[in-house]
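Asks: Handing over entry00.cif, mmCIF, C-alpha atoms and all ligand atoms.
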```cif
data_coords
loop_
_atom_site.label_atom_id
_atom_site.label_comp_id
_atom_site.auth_asym_id
_atom_site.auth_seq_id
_atom_site.Cartn_x
_atom_site.Cartn_y
_atom_site.Cartn_z
CA MET B 1405 -23.70 16.09 8.16
CA GLU B 1406 -22.56 12.46 8.49
CA LYS B 1407 -21.21 11.60 11.95
CA VAL B 1408 -18.74 8.81 12.70
CA ASP B 1409 -16.92 7.74 15.84
CA LEU B 1410 -13.57 7.34 14.10
CA LEU B 1411 -12.26 8.80 10.86
CA VAL B 1412 -9.10 7.15 9.48
CA VAL B 1413 -7.18 9.10 6.82
CA GLY B 1414 -5.19 6.74 4.59
CA GLY B 1415 -5.77 3.17 3.48
CA GLY B 1416 -2.19 1.85 3.50
CA ALA B 1417 -0.97 -0.82 5.90
CA ALA B 1418 -1.25 1.64 8.81
CA GLY B 1419 -4.74 2.98 8.12
CA MET B 1420 -6.24 -0.44 7.38
CA SER B 1421 -4.67 -2.07 10.46
CA ALA B 1422 -5.76 0.77 12.75
CA ALA B 1423 -9.31 0.75 11.35
CA LEU B 1424 -9.62 -3.04 11.69
CA ALA B 1425 -8.38 -3.02 15.28
CA ALA B 1426 -10.70 -0.16 16.28
CA ALA B 1427 -13.71 -1.84 14.67
CA SER B 1428 -12.95 -5.14 16.41
CA ALA B 1429 -12.93 -3.43 19.84
CA GLY B 1430 -16.74 -3.17 19.77
CA PRO B 1431 -19.62 -1.26 18.16
CA VAL B 1432 -17.89 1.92 16.93
CA SER B 1433 -18.53 3.46 13.54
CA VAL B 1434 -15.30 3.64 11.54
CA LEU B 1435 -14.86 5.46 8.24
CA LEU B 1436 -11.62 5.09 6.26
CA ALA B 1437 -10.89 7.46 3.37
CA ASP B 1438 -8.11 7.19 0.78
CA ARG B 1439 -7.50 9.34 -2.27
CA GLU B 1440 -6.39 6.35 -4.36
CA THR B 1441 -8.76 4.09 -6.26
CA ARG B 1442 -7.63 1.03 -4.29
CA LEU B 1443 -6.46 0.13 -0.79
CA GLY B 1444 -2.84 -0.72 0.09
CA GLY B 1445 -1.05 2.64 0.00
CA ILE B 1446 2.53 2.27 -1.22
CA LEU B 1447 2.49 -1.55 -1.09
CA PRO B 1448 0.97 -2.36 -4.53
CA GLN B 1449 3.91 -0.69 -6.28
CA CYS B 1450 6.54 -2.58 -4.20
CA ILE B 1451 6.56 -5.79 -6.24
CA HIS B 1452 9.82 -7.08 -4.73
CA HIS B 1453 10.00 -9.62 -1.88
CA GLY B 1454 10.95 -8.76 1.70
CA PHE B 1455 7.59 -7.92 3.28
CA GLY B 1456 5.94 -9.69 6.19
CA LEU B 1457 8.85 -11.73 7.59
CA GLY B 1458 8.05 -10.47 11.10
CA TYR B 1459 4.26 -10.14 11.06
CA PHE B 1460 3.12 -12.97 8.78
CA ARG B 1461 6.33 -15.05 9.09
CA ARG B 1462 6.36 -15.24 5.28
CA ASP B 1463 8.56 -13.55 2.66
CA LEU B 1464 5.85 -11.72 0.70
CA THR B 1465 5.82 -9.07 -2.01
CA GLY B 1466 4.19 -5.70 -1.24
CA PRO B 1467 0.97 -6.57 -3.16
CA GLU B 1468 0.76 -9.93 -1.35
CA TYR B 1469 1.19 -8.23 2.04
CA ALA B 1470 -1.48 -5.66 1.16
CA GLY B 1471 -3.76 -8.43 -0.13
CA ARG B 1472 -3.72 -10.19 3.24
CA ILE B 1473 -4.87 -7.08 5.08
CA ILE B 1474 -7.38 -6.13 2.37
CA ALA B 1475 -8.90 -9.61 2.77
CA GLN B 1476 -9.50 -8.82 6.46
CA MET B 1477 -11.18 -5.54 5.49
CA GLU B 1478 -13.78 -7.44 3.49
CA GLY B 1479 -16.50 -8.23 5.98
CA ALA B 1480 -15.10 -5.94 8.70
CA ALA B 1481 -17.26 -3.16 10.15
CA VAL B 1482 -15.25 -0.45 8.41
CA SER B 1483 -16.83 1.81 5.86
CA VAL B 1484 -14.31 2.55 3.08
CA ARG B 1485 -14.35 5.56 0.75
CA LEU B 1486 -11.85 5.35 -2.08
CA ASN B 1487 -11.00 8.04 -4.57
CA THR B 1488 -11.71 10.37 -1.68
CA THR B 1489 -9.25 13.01 -0.49
CA VAL B 1490 -9.45 14.51 2.97
CA LEU B 1491 -8.88 18.17 2.17
CA SER B 1492 -8.85 19.74 5.63
CA LEU B 1493 -9.57 19.24 9.32
CA SER B 1494 -11.02 21.68 11.83
CA GLN B 1495 -10.77 22.02 15.60
CA ARG B 1496 -14.54 21.38 15.68
CA ARG B 1497 -13.69 17.77 14.72
CA THR B 1498 -14.94 18.00 11.21
CA ALA B 1499 -13.22 16.99 7.97
CA GLU B 1500 -13.81 18.22 4.43
CA LEU B 1501 -13.77 15.34 1.94
CA SER B 1502 -13.77 15.42 -1.84
CA GLY B 1503 -14.79 12.19 -3.59
CA PRO B 1504 -16.75 10.73 -6.50
CA THR B 1505 -20.06 12.01 -5.10
CA GLY B 1506 -18.70 15.50 -4.57
CA TYR B 1507 -17.73 17.53 -1.57
CA GLU B 1508 -18.89 16.63 1.94
CA THR B 1509 -18.25 17.41 5.59
CA ILE B 1510 -17.88 14.59 8.10
CA SER B 1511 -18.02 15.02 11.85
CA PHE B 1512 -15.99 12.62 14.00
CA ARG B 1513 -15.09 11.96 17.64
CA ARG B 1514 -11.57 10.63 17.03
CA LEU B 1515 -9.20 10.81 14.11
CA ILE B 1516 -6.32 8.56 13.08
CA LEU B 1517 -3.97 10.11 10.56
CA ALA B 1518 -2.25 7.38 8.54
CA ALA B 1519 -1.36 9.46 5.48
CA GLY B 1520 2.09 7.90 4.88
CA CYS B 1521 4.99 10.06 3.76
CA ARG B 1522 6.20 12.01 0.76
CA GLU B 1523 9.56 12.03 -0.98
CA ARG B 1524 12.22 14.70 -0.69
CA THR B 1525 12.78 16.06 -4.20
CA ILE B 1526 15.76 17.47 -6.14
CA GLY B 1527 14.57 20.93 -5.02
CA SER B 1528 15.90 20.13 -1.54
CA LEU B 1529 19.49 20.13 -2.87
CA PRO B 1530 21.63 23.05 -4.10
CA VAL B 1531 21.58 21.86 -7.72
CA THR B 1532 22.03 24.45 -10.48
CA GLY B 1533 21.54 24.27 -14.25
CA THR B 1534 18.45 23.80 -16.35
CA ARG B 1535 15.21 22.13 -15.30
CA PRO B 1536 14.75 19.50 -18.02
CA ALA B 1537 12.37 16.53 -18.10
CA GLY B 1538 13.84 13.24 -16.92
CA VAL B 1539 14.29 14.01 -13.20
CA TYR B 1540 12.05 11.79 -11.08
CA THR B 1541 11.73 10.67 -7.50
CA ALA B 1542 12.34 6.97 -6.86
CA GLY B 1543 8.77 6.34 -5.74
CA LEU B 1544 7.44 7.86 -8.96
CA VAL B 1545 9.76 5.69 -11.06
CA GLN B 1546 8.62 2.63 -9.12
CA ARG B 1547 5.01 3.57 -9.79
CA MET B 1548 5.69 4.17 -13.50
CA LEU B 1549 7.49 0.83 -13.93
CA ASN B 1550 5.43 -1.44 -11.71
CA LEU B 1551 1.92 -0.07 -12.05
CA ARG B 1552 1.90 1.68 -15.45
CA HIS B 1553 4.58 -0.31 -17.31
CA TRP B 1554 6.24 2.91 -18.52
CA LYS B 1555 10.00 3.02 -18.88
CA PRO B 1556 11.27 6.42 -17.69
CA GLY B 1557 14.44 6.50 -19.82
CA ARG B 1558 17.40 4.61 -21.30
CA ARG B 1559 20.41 5.68 -19.22
CA ALA B 1560 19.86 6.52 -15.55
CA LEU B 1561 21.80 7.75 -12.56
CA VAL B 1562 20.32 7.21 -9.11
CA LEU B 1563 21.06 9.75 -6.37
CA GLY B 1564 20.82 8.25 -2.89
CA SER B 1565 21.75 4.72 -1.80
CA GLY B 1566 19.05 4.00 0.81
CA ASP B 1567 16.90 0.91 0.27
CA LEU B 1568 14.50 2.76 -2.01
CA GLY B 1569 17.35 3.94 -4.28
CA LEU B 1570 18.87 0.45 -4.42
CA ILE B 1571 15.56 -1.27 -5.19
CA VAL B 1572 14.68 1.20 -7.94
CA ALA B 1573 18.19 0.93 -9.46
CA ARG B 1574 17.75 -2.85 -9.75
CA ARG B 1575 14.25 -2.49 -11.15
CA LEU B 1576 15.49 -0.09 -13.84
CA ALA B 1577 18.31 -2.49 -14.75
CA LEU B 1578 15.89 -5.42 -14.98
CA GLU B 1579 13.76 -3.35 -17.37
CA GLY B 1580 16.76 -2.90 -19.67
CA CYS B 1581 17.72 0.60 -18.62
CA GLN B 1582 21.46 1.22 -18.29
CA VAL B 1583 22.09 2.32 -14.70
CA VAL B 1584 25.40 4.18 -14.73
CA GLY B 1585 25.65 4.29 -10.95
CA VAL B 1586 24.11 4.95 -7.57
CA VAL B 1587 25.58 8.08 -6.02
CA GLU B 1588 25.97 8.41 -2.24
CA GLN B 1589 27.32 11.41 -0.36
CA LYS B 1590 28.51 9.30 2.58
CA GLY B 1591 31.44 6.87 2.52
CA SER B 1592 29.31 3.71 2.34
CA CYS B 1593 25.99 2.39 1.12
CA GLY B 1594 22.94 3.73 3.00
CA GLY B 1595 20.71 0.69 2.49
CA MET B 1596 20.63 -2.80 3.98
CA VAL B 1597 23.54 -5.12 3.14
CA ARG B 1598 21.13 -7.66 1.60
CA ASN B 1599 19.80 -4.96 -0.73
CA TYR B 1600 23.30 -3.74 -1.60
CA ARG B 1601 24.23 -7.30 -2.63
CA SER B 1602 21.09 -8.19 -4.54
CA CYS B 1603 20.43 -4.82 -6.14
CA LEU B 1604 23.87 -3.44 -6.97
CA MET B 1605 26.45 -6.24 -6.85
CA GLU B 1606 24.30 -8.79 -8.68
CA GLN B 1607 23.34 -6.24 -11.34
CA ASN B 1608 26.90 -4.85 -11.71
CA ILE B 1609 25.73 -1.35 -10.82
CA PRO B 1610 28.57 0.80 -9.40
CA LEU B 1611 28.14 2.54 -6.04
CA ILE B 1612 29.78 5.97 -6.24
CA THR B 1613 30.44 7.11 -2.66
CA LYS B 1614 31.51 10.52 -1.32
CA ALA B 1615 29.90 12.23 -4.30
CA THR B 1616 26.83 14.26 -5.21
CA VAL B 1617 25.12 15.88 -8.19
CA THR B 1618 25.62 19.65 -8.45
CA ARG B 1619 24.28 20.56 -11.90
CA LEU B 1620 21.67 19.39 -14.42
CA HIS B 1621 22.30 19.70 -18.17
CA GLY B 1622 19.90 19.59 -21.11
CA GLU B 1623 17.20 21.63 -22.76
CA GLY B 1624 13.84 19.88 -22.90
CA ARG B 1625 15.24 16.50 -21.80
CA LEU B 1626 18.10 15.75 -19.40
CA THR B 1627 21.36 14.99 -21.23
CA GLY B 1628 23.69 14.69 -18.24
CA VAL B 1629 24.62 15.83 -14.75
CA THR B 1630 27.72 17.23 -13.09
CA LEU B 1631 29.01 14.80 -10.49
CA ARG B 1632 31.14 16.30 -7.73
CA ARG B 1633 33.57 14.20 -5.68
CA LEU B 1634 33.19 15.44 -2.12
CA ASP B 1635 36.68 14.41 -0.97
CA SER B 1636 38.68 15.97 -3.83
CA GLY B 1637 36.21 18.59 -5.11
CA LYS B 1638 36.77 17.22 -8.65
CA GLU B 1639 33.83 17.52 -11.03
CA GLU B 1640 32.96 15.43 -14.07
CA ARG B 1641 30.05 15.32 -16.48
CA VAL B 1642 28.06 12.07 -16.57
CA ALA B 1643 25.82 11.46 -19.57
CA CYS B 1644 22.30 10.25 -18.67
CA ASP B 1645 18.73 10.97 -19.76
CA THR B 1646 17.22 10.10 -16.37
CA LEU B 1647 18.10 11.18 -12.84
CA VAL B 1648 16.29 9.31 -10.07
CA THR B 1649 16.36 10.92 -6.64
CA ALA B 1650 16.06 8.76 -3.53
CA LEU B 1651 16.77 11.45 -0.96
CA GLY B 1652 14.58 10.36 1.92
CA LEU B 1653 10.98 10.44 3.07
CA ILE B 1654 9.10 13.06 5.07
CA PRO B 1655 6.02 12.14 7.18
CA GLU B 1656 2.91 13.58 5.50
CA ARG B 1657 1.23 15.76 8.15
CA GLU B 1658 0.01 18.61 6.00
CA LEU B 1659 -3.56 18.12 7.28
CA LEU B 1660 -2.47 19.07 10.80
CA ALA B 1661 -0.82 22.31 9.67
CA GLY B 1662 -3.85 24.52 10.25
CA LEU B 1663 -4.61 23.13 13.72
CA GLY B 1664 -1.89 24.87 15.74
CA ASP B 1665 1.49 23.77 17.06
CA LYS B 1666 0.37 20.66 18.95
CA VAL B 1667 -1.40 17.58 17.63
CA PRO B 1668 -4.94 17.89 19.09
CA GLY B 1669 -5.88 15.32 21.75
CA TRP B 1670 -8.54 13.84 19.45
CA ALA B 1671 -5.99 13.01 16.73
CA SER B 1672 -3.34 10.26 16.65
CA LEU B 1673 -0.72 9.36 14.06
CA CYS B 1674 0.54 5.97 12.94
CA GLY B 1675 2.66 4.32 10.25
CA ASN B 1676 5.00 6.42 8.12
CA CYS B 1677 2.93 9.48 8.93
CA ASP B 1678 4.15 9.18 12.53
CA TYR B 1679 7.77 8.33 11.67
CA VAL B 1680 9.37 6.62 8.69
CA HIS B 1681 9.42 2.87 9.37
CA ASP B 1682 12.02 0.66 7.69
CA ILE B 1683 9.67 -2.28 7.40
CA VAL B 1684 5.94 -2.65 7.06
CA ASP B 1685 5.63 -5.19 9.89
CA THR B 1686 6.26 -2.49 12.52
CA VAL B 1687 3.76 -0.23 10.75
CA THR B 1688 1.08 -2.90 11.14
CA THR B 1689 1.79 -3.70 14.80
CA GLN B 1690 1.99 -0.02 15.79
CA ALA B 1691 -1.27 0.79 13.97
CA GLU B 1692 -3.09 -2.20 15.44
CA GLU B 1693 -2.11 -1.17 18.94
CA LEU B 1694 -3.25 2.40 18.34
CA GLY B 1695 -6.51 1.29 16.72
CA ARG B 1696 -7.31 -1.01 19.64
CA GLN B 1697 -6.66 1.78 22.18
CA VAL B 1698 -8.76 4.30 20.26
CA GLY B 1699 -11.59 1.76 19.85
CA LEU B 1700 -11.67 1.10 23.60
CA GLU B 1701 -11.53 4.84 24.37
CA LEU B 1702 -14.52 5.43 22.10
CA LEU B 1703 -16.41 2.72 23.98
CA GLY B 1704 -15.53 4.39 27.27
CA ARG B 1705 -13.24 1.53 28.25
CA GLY B 1706 -9.88 3.14 27.42
C1 LIG B 1801 10.38 1.42 -2.32
C2 LIG B 1801 10.00 0.90 -0.99
C3 LIG B 1801 10.48 -0.33 -0.63
C4 LIG B 1801 10.10 -0.87 0.59
N1 LIG B 1801 10.57 -2.11 0.87
C5 LIG B 1801 10.14 -2.71 2.00
C6 LIG B 1801 10.51 -4.08 2.26
O1 LIG B 1801 11.22 -4.72 1.48
N2 LIG B 1801 10.03 -4.65 3.38
C7 LIG B 1801 9.22 -3.96 4.25
O2 LIG B 1801 8.78 -4.53 5.24
N3 LIG B 1801 8.88 -2.66 4.03
C8 LIG B 1801 9.31 -2.02 2.93
N4 LIG B 1801 8.94 -0.73 2.69
C9 LIG B 1801 8.22 0.05 3.73
C10 LIG B 1801 6.69 -0.15 3.79
O3 LIG B 1801 6.19 -0.42 2.52
C11 LIG B 1801 6.01 1.09 4.37
O4 LIG B 1801 6.64 1.43 5.58
C12 LIG B 1801 4.50 0.93 4.66
O5 LIG B 1801 3.85 0.26 3.61
C13 LIG B 1801 3.89 2.32 4.91
O6 LIG B 1801 2.52 2.20 5.21
P1 LIG B 1801 1.65 3.48 5.60
O7 LIG B 1801 0.24 3.00 5.71
O8 LIG B 1801 2.23 4.19 6.77
O9 LIG B 1801 1.78 4.51 4.39
P2 LIG B 1801 1.31 4.41 2.86
O10 LIG B 1801 1.40 3.03 2.36
O11 LIG B 1801 2.07 5.45 2.14
O12 LIG B 1801 -0.24 4.82 2.92
C14 LIG B 1801 -0.69 6.14 3.09
C15 LIG B 1801 -2.02 6.30 2.39
O13 LIG B 1801 -2.58 7.54 2.75
C16 LIG B 1801 -3.28 8.08 1.64
N5 LIG B 1801 -3.44 9.52 1.85
C17 LIG B 1801 -2.47 10.44 2.14
N6 LIG B 1801 -3.01 11.67 2.30
C18 LIG B 1801 -4.35 11.52 2.12
C19 LIG B 1801 -5.45 12.44 2.16
N7 LIG B 1801 -5.28 13.75 2.45
N8 LIG B 1801 -6.69 11.97 1.92
C20 LIG B 1801 -6.88 10.65 1.63
N9 LIG B 1801 -5.87 9.75 1.58
C21 LIG B 1801 -4.63 10.18 1.83
C22 LIG B 1801 -2.37 7.71 0.47
O14 LIG B 1801 -3.10 7.71 -0.74
C23 LIG B 1801 -1.90 6.32 0.87
O15 LIG B 1801 -2.74 5.32 0.32
C24 LIG B 1801 9.26 -0.14 1.48
C25 LIG B 1801 8.79 1.11 1.11
C26 LIG B 1801 9.15 1.63 -0.11
C27 LIG B 1801 8.60 2.99 -0.49
#
```
Spit out the file's structure as structure tokens when you get a sec.
Ligand SMILES: Cc1cc2nc3c(=O)[nH]c(=O)nc-3n(C[C@H](O)[C@H](O)[C@H](O)COP(=O)(O)OP(=O)(O)OC[C@H]3O[C@@H](n4cnc5c(N)ncnc54)[C@H](O)[C@@H]3O)c2cc1C
Replies:
Amino acid sequence: MEKVDLLVVGGGAAGMSAALAAASAGPVSVLLADRETRLGGILPQCIHHGFGLGYFRRDLTGPEYAGRIIAQMEGAAVSVRLNTTVLSLSQRRTAELSGPTGYETISFRRLILAAGCRERTIGSLPVTGTRPAGVYTAGLVQRMLNLRHWKPGRRALVLGSGDLGLIVARRLALEGCQVVGVVEQKGSCGGMVRNYRSCLMEQNIPLITKATVTRLHGEGRLTGVTLRRLDSGKEERVACDTLVTALGLIPERELLAGLGDKVPGWASLCGNCDYVHDIVDTVTTQAEELGRQVGLELLGRG
């Protein structure tokens, strides 16, 4: 069984920054595993600007921000396994990994979980009706558009006006999709003012506040949704072939589920896996600090 001092799960901004900081503390063996075929986590699909203003003092795109950290990984004493999913952890400090060479067990002294977060789906809302194709999460739409160059549909409604919903609404509009509106249950936009201006106002996309979606229509493919006004209770049918949900993010801690109620002392969390960060700069600084501490602990200097 391969033994390492530190196993890092996740190769996004958090995992890479933690691994780099731990490795630079001194001679510790660091293994980083990510299920994707490339490093960067969510960043490669975020092709808009607005990354790195705090950390790099530059207005970068997501891929540019990732590229700067990936460049530091090259030559660093961090062993990287891509296309490798960490399937489970045990209290004996072992991890089961599945990768291109098959299934293996790794033993470690410390673990940093930097597995990011997952998106809340339409299933989290009391929405009735059929279950047609054409209902996607915002992150999936971003991935389809920016990494695969697939257009999800022709006429879309976005549910949720946080930054992710706003950015995806603009992206859809720029790709020629008619965005009939961004629906928000609260009385005002949930995202940053700068995003509201650049994503909705500049693209002439209406923000529909105090409203939600209560029903899906369509057999096979979505043909429309029922929109309910939360102040008056009035309902109307809105024609669309695509519903994009931007309902919030949930830290991804599934790997800890089998280990009891408390996070074991040998495991630490950082990045969106710890809590959902608004900006990547705080992810990087938090992960670096954690990585440094863990590196020193492993060297007996913590
Ligand atoms: C649409 C959108 C827009 C954003 N806009 C901005 C912005 O303008 N400015 C800004 O500063 N920030 C922005 N952010 C936030 C920022 O991008 C994130 O906070 C940050 O990149 C999260 O980094 P992370 O490493 O915690 O998670 P992630 O990047 O999600 O990385 C987690 C990694 O863990 C891997 N993983 C998970 N589970 C396993 C497993 N079991 N085995 C192996 N690998 C696993 C995943 O494959 C992934 O690569 C935006 C985020 C989104 C989604």
Asks: In terms of the shortest atom-to-atom distance over all atoms listed in the file, which of B:Leu1631, B:Met1596, B:Ile1609, B:Ala1423 is closest to Leu1435 in chain B?
Replies: B:Ala1423
Asks: 6 Å from ligand LIG 1801 (chain B) is the threshold here; counting all atoms listed in the file, which polymer residues fall inside it? Answer as a PyMOL selection string.
Replies: chain B and resi 1413-1419+1437-1440+1445-1447+1450+1454-1456+1488-1491+1518-1521+1568+1675-1677+1681-1685
Asks: Can you write out the residues you just picked, keeping C-alpha atoms, as a PDB file, keeping the file's coordinate frame?
Replies:
```pdb
ATOM      1  CA  VAL B1413      -7.180   9.100   6.820  1.00  0.00           C
ATOM      2  CA  GLY B1414      -5.190   6.740   4.590  1.00  0.00           C
ATOM      3  CA  GLY B1415      -5.770   3.170   3.480  1.00  0.00           C
ATOM      4  CA  GLY B1416      -2.190   1.850   3.500  1.00  0.00           C
ATOM      5  CA  ALA B1417      -0.970  -0.820   5.900  1.00  0.00           C
ATOM      6  CA  ALA B1418      -1.250   1.640   8.810  1.00  0.00           C
ATOM      7  CA  GLY B1419      -4.740   2.980   8.120  1.00  0.00           C
ATOM      8  CA  ALA B1437     -10.890   7.460   3.370  1.00  0.00           C
ATOM      9  CA  ASP B1438      -8.110   7.190   0.780  1.00  0.00           C
ATOM     10  CA  ARG B1439      -7.500   9.340  -2.270  1.00  0.00           C
ATOM     11  CA  GLU B1440      -6.390   6.350  -4.360  1.00  0.00           C
ATOM     12  CA  GLY B1445      -1.050   2.640   0.000  1.00  0.00           C
ATOM     13  CA  ILE B1446       2.530   2.270  -1.220  1.00  0.00           C
ATOM     14  CA  LEU B1447       2.490  -1.550  -1.090  1.00  0.00           C
ATOM     15  CA  CYS B1450       6.540  -2.580  -4.200  1.00  0.00           C
ATOM     16  CA  GLY B1454      10.950  -8.760   1.700  1.00  0.00           C
ATOM     17  CA  PHE B1455       7.590  -7.920   3.280  1.00  0.00           C
ATOM     18  CA  GLY B1456       5.940  -9.690   6.190  1.00  0.00           C
ATOM     19  CA  THR B1488     -11.710  10.370  -1.680  1.00  0.00           C
ATOM     20  CA  THR B1489      -9.250  13.010  -0.490  1.00  0.00           C
ATOM     21  CA  VAL B1490      -9.450  14.510   2.970  1.00  0.00           C
ATOM     22  CA  LEU B1491      -8.880  18.170   2.170  1.00  0.00           C
ATOM     23  CA  ALA B1518      -2.250   7.380   8.540  1.00  0.00           C
ATOM     24  CA  ALA B1519      -1.360   9.460   5.480  1.00  0.00           C
ATOM     25  CA  GLY B1520       2.090   7.900   4.880  1.00  0.00           C
ATOM     26  CA  CYS B1521       4.990  10.060   3.760  1.00  0.00           C
ATOM     27  CA  LEU B1568      14.500   2.760  -2.010  1.00  0.00           C
ATOM     28  CA  GLY B1675       2.660   4.320  10.250  1.00  0.00           C
ATOM     29  CA  ASN B1676       5.000   6.420   8.120  1.00  0.00           C
ATOM     30  CA  CYS B1677       2.930   9.480   8.930  1.00  0.00           C
ATOM     31  CA  HIS B1681       9.420   2.870   9.370  1.00  0.00           C
ATOM     32  CA  ASP B1682      12.020   0.660   7.690  1.00  0.00           C
ATOM     33  CA  ILE B1683       9.670  -2.280   7.400  1.00  0.00           C
ATOM     34  CA  VAL B1684       5.940  -2.650   7.060  1.00  0.00           C
ATOM     35  CA  ASP B1685       5.630  -5.190   9.890  1.00  0.00           C
TER      36      ASP B1685
END
```
Asks: How many Å lie between CA of Leu1457 in chain B and CA of Leu1563 in chain B, rounded to one decimal?
Replies: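 That distance, rounded to one decimal, is 28.4 Å.
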Asks: Give me, as CSV, each residue of range 1562-1663 of chain B that comes within 10 Å of range 1531-1554 of chain B, together with its shortest interatomic pair and the distance in Å at one decimal, counting only C-alpha atoms, with rows ordered by chain and rising residue number.
Replies:
```
residue,atom,partner,partner_atom,distance
B:Val1562,CA,B:Ala1542,CA,8.3
B:Leu1563,CA,B:Ala1542,CA,9.2
B:Gly1564,CA,B:Ala1542,CA,9.5
B:Leu1568,CA,B:Ala1542,CA,6.8
B:Gly1569,CA,B:Ala1542,CA,6.4
B:Leu1570,CA,B:Ala1542,CA,9.5
B:Ile1571,CA,B:Gln1546,CA,8.9
B:Val1572,CA,B:Ala1542,CA,6.3
B:Ala1573,CA,B:Ala1542,CA,8.8
B:Arg1575,CA,B:Gln1546,CA,7.9
B:Leu1576,CA,B:Leu1549,CA,8.1
B:Glu1579,CA,B:Leu1549,CA,8.3
B:Thr1616,CA,B:Val1531,CA,9.6
B:Val1617,CA,B:Val1531,CA,7.0
B:Thr1618,CA,B:Val1531,CA,4.7
B:Arg1619,CA,B:Thr1532,CA,4.7
B:Leu1620,CA,B:Gly1533,CA,4.9
B:His1621,CA,B:Thr1534,CA,5.9
B:Gly1622,CA,B:Pro1536,CA,6.0
B:Glu1623,CA,B:Pro1536,CA,5.7
B:Gly1624,CA,B:Pro1536,CA,5.0
B:Arg1625,CA,B:Ala1537,CA,4.7
B:Leu1626,CA,B:Pro1536,CA,5.2
B:Thr1627,CA,B:Pro1536,CA,8.6
B:Val1629,CA,B:Gly1533,CA,9.0
B:Thr1630,CA,B:Val1531,CA,9.4
B:Cys1644,CA,B:Gly1538,CA,9.1
B:Asp1645,CA,B:Gly1538,CA,6.1
B:Thr1646,CA,B:Gly1538,CA,4.6
B:Leu1647,CA,B:Val1539,CA,4.8
B:Val1648,CA,B:Tyr1540,CA,5.0
B:Thr1649,CA,B:Thr1541,CA,4.7
B:Ala1650,CA,B:Ala1542,CA,5.3
B:Leu1651,CA,B:Thr1541,CA,8.3
B:Gly1652,CA,B:Ala1542,CA,9.7
B:Leu1653,CA,B:Gly1543,CA,10.0
```
Asks: For Ala1481 in chain B, which residue out of B:Leu1703, B:Ile1654, B:Val1680, B:Ala1429 is the nearest one, using only C-alpha atoms?
Replies: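 The answer is B:Ala1429, which sits nearest to Ala1481 in chain B.
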Asks: I'd like the neighbourhood of range 1657-1663 of chain B as an MDAnalysis selection string, where a residue qualifies if any of its atoms comes within 7 Å (using only C-alpha atoms), though same-chain residues fewer than 6 positions away should be ignored.
Replies: chainID B and resid 1492:1495 1677
Asks: Can you sort out the box for range 1500-1516 of chain B, edges along x, y and z, all listed atoms in, 4 Å on every side, with centre and edge lengths in Å to one decimal, as AutoDock Vina command-line options?
Replies:
```
--center_x -13.2 --center_y 13.4 --center_z 5.6 --size_x 21.7 --size_y 17.7 --size_z 32.1
```
Asks: What does the distance from CA of Lys1590 in chain B to CA of Ser1636 in chain B come to in Å, to one decimal?
Replies: 13.7 Å
Asks: Neighbouring residues of Met1605 in chain B were defined as those with any atom within 12 Å, considering all atoms listed in the file; residues of the same chain fewer than 3 positions away were excluded. Please report them as a list in words.
Replies: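 The neighbour list is Leu1570, Ala1573, Arg1574, Ala1577, Gly1585, Val1586, Cys1593, Val1597, Arg1598, Asn1599, Tyr1600, Arg1601, Ser1602, Asn1608, Ile1609, Pro1610 and Leu1611 of chain B.
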Asks: Residues within 10 Å of Glu1693 in chain B, please, as number ranges by chain. Count only C-alpha atoms; anything in the same chain fewer than 3 positions from it doesn't count.
Replies: B: 1421-1422, 1425-1426, 1674, 1688-1690, 1696-1699
Asks: For Gly1706 in chain B, which residue among B:Ala1470, B:Gly1503, B:Leu1694, B:Leu1673 is the nearest when counting all atoms listed in the file?
Replies: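 The answer is B:Leu1694, which sits nearest to Gly1706 in chain B.
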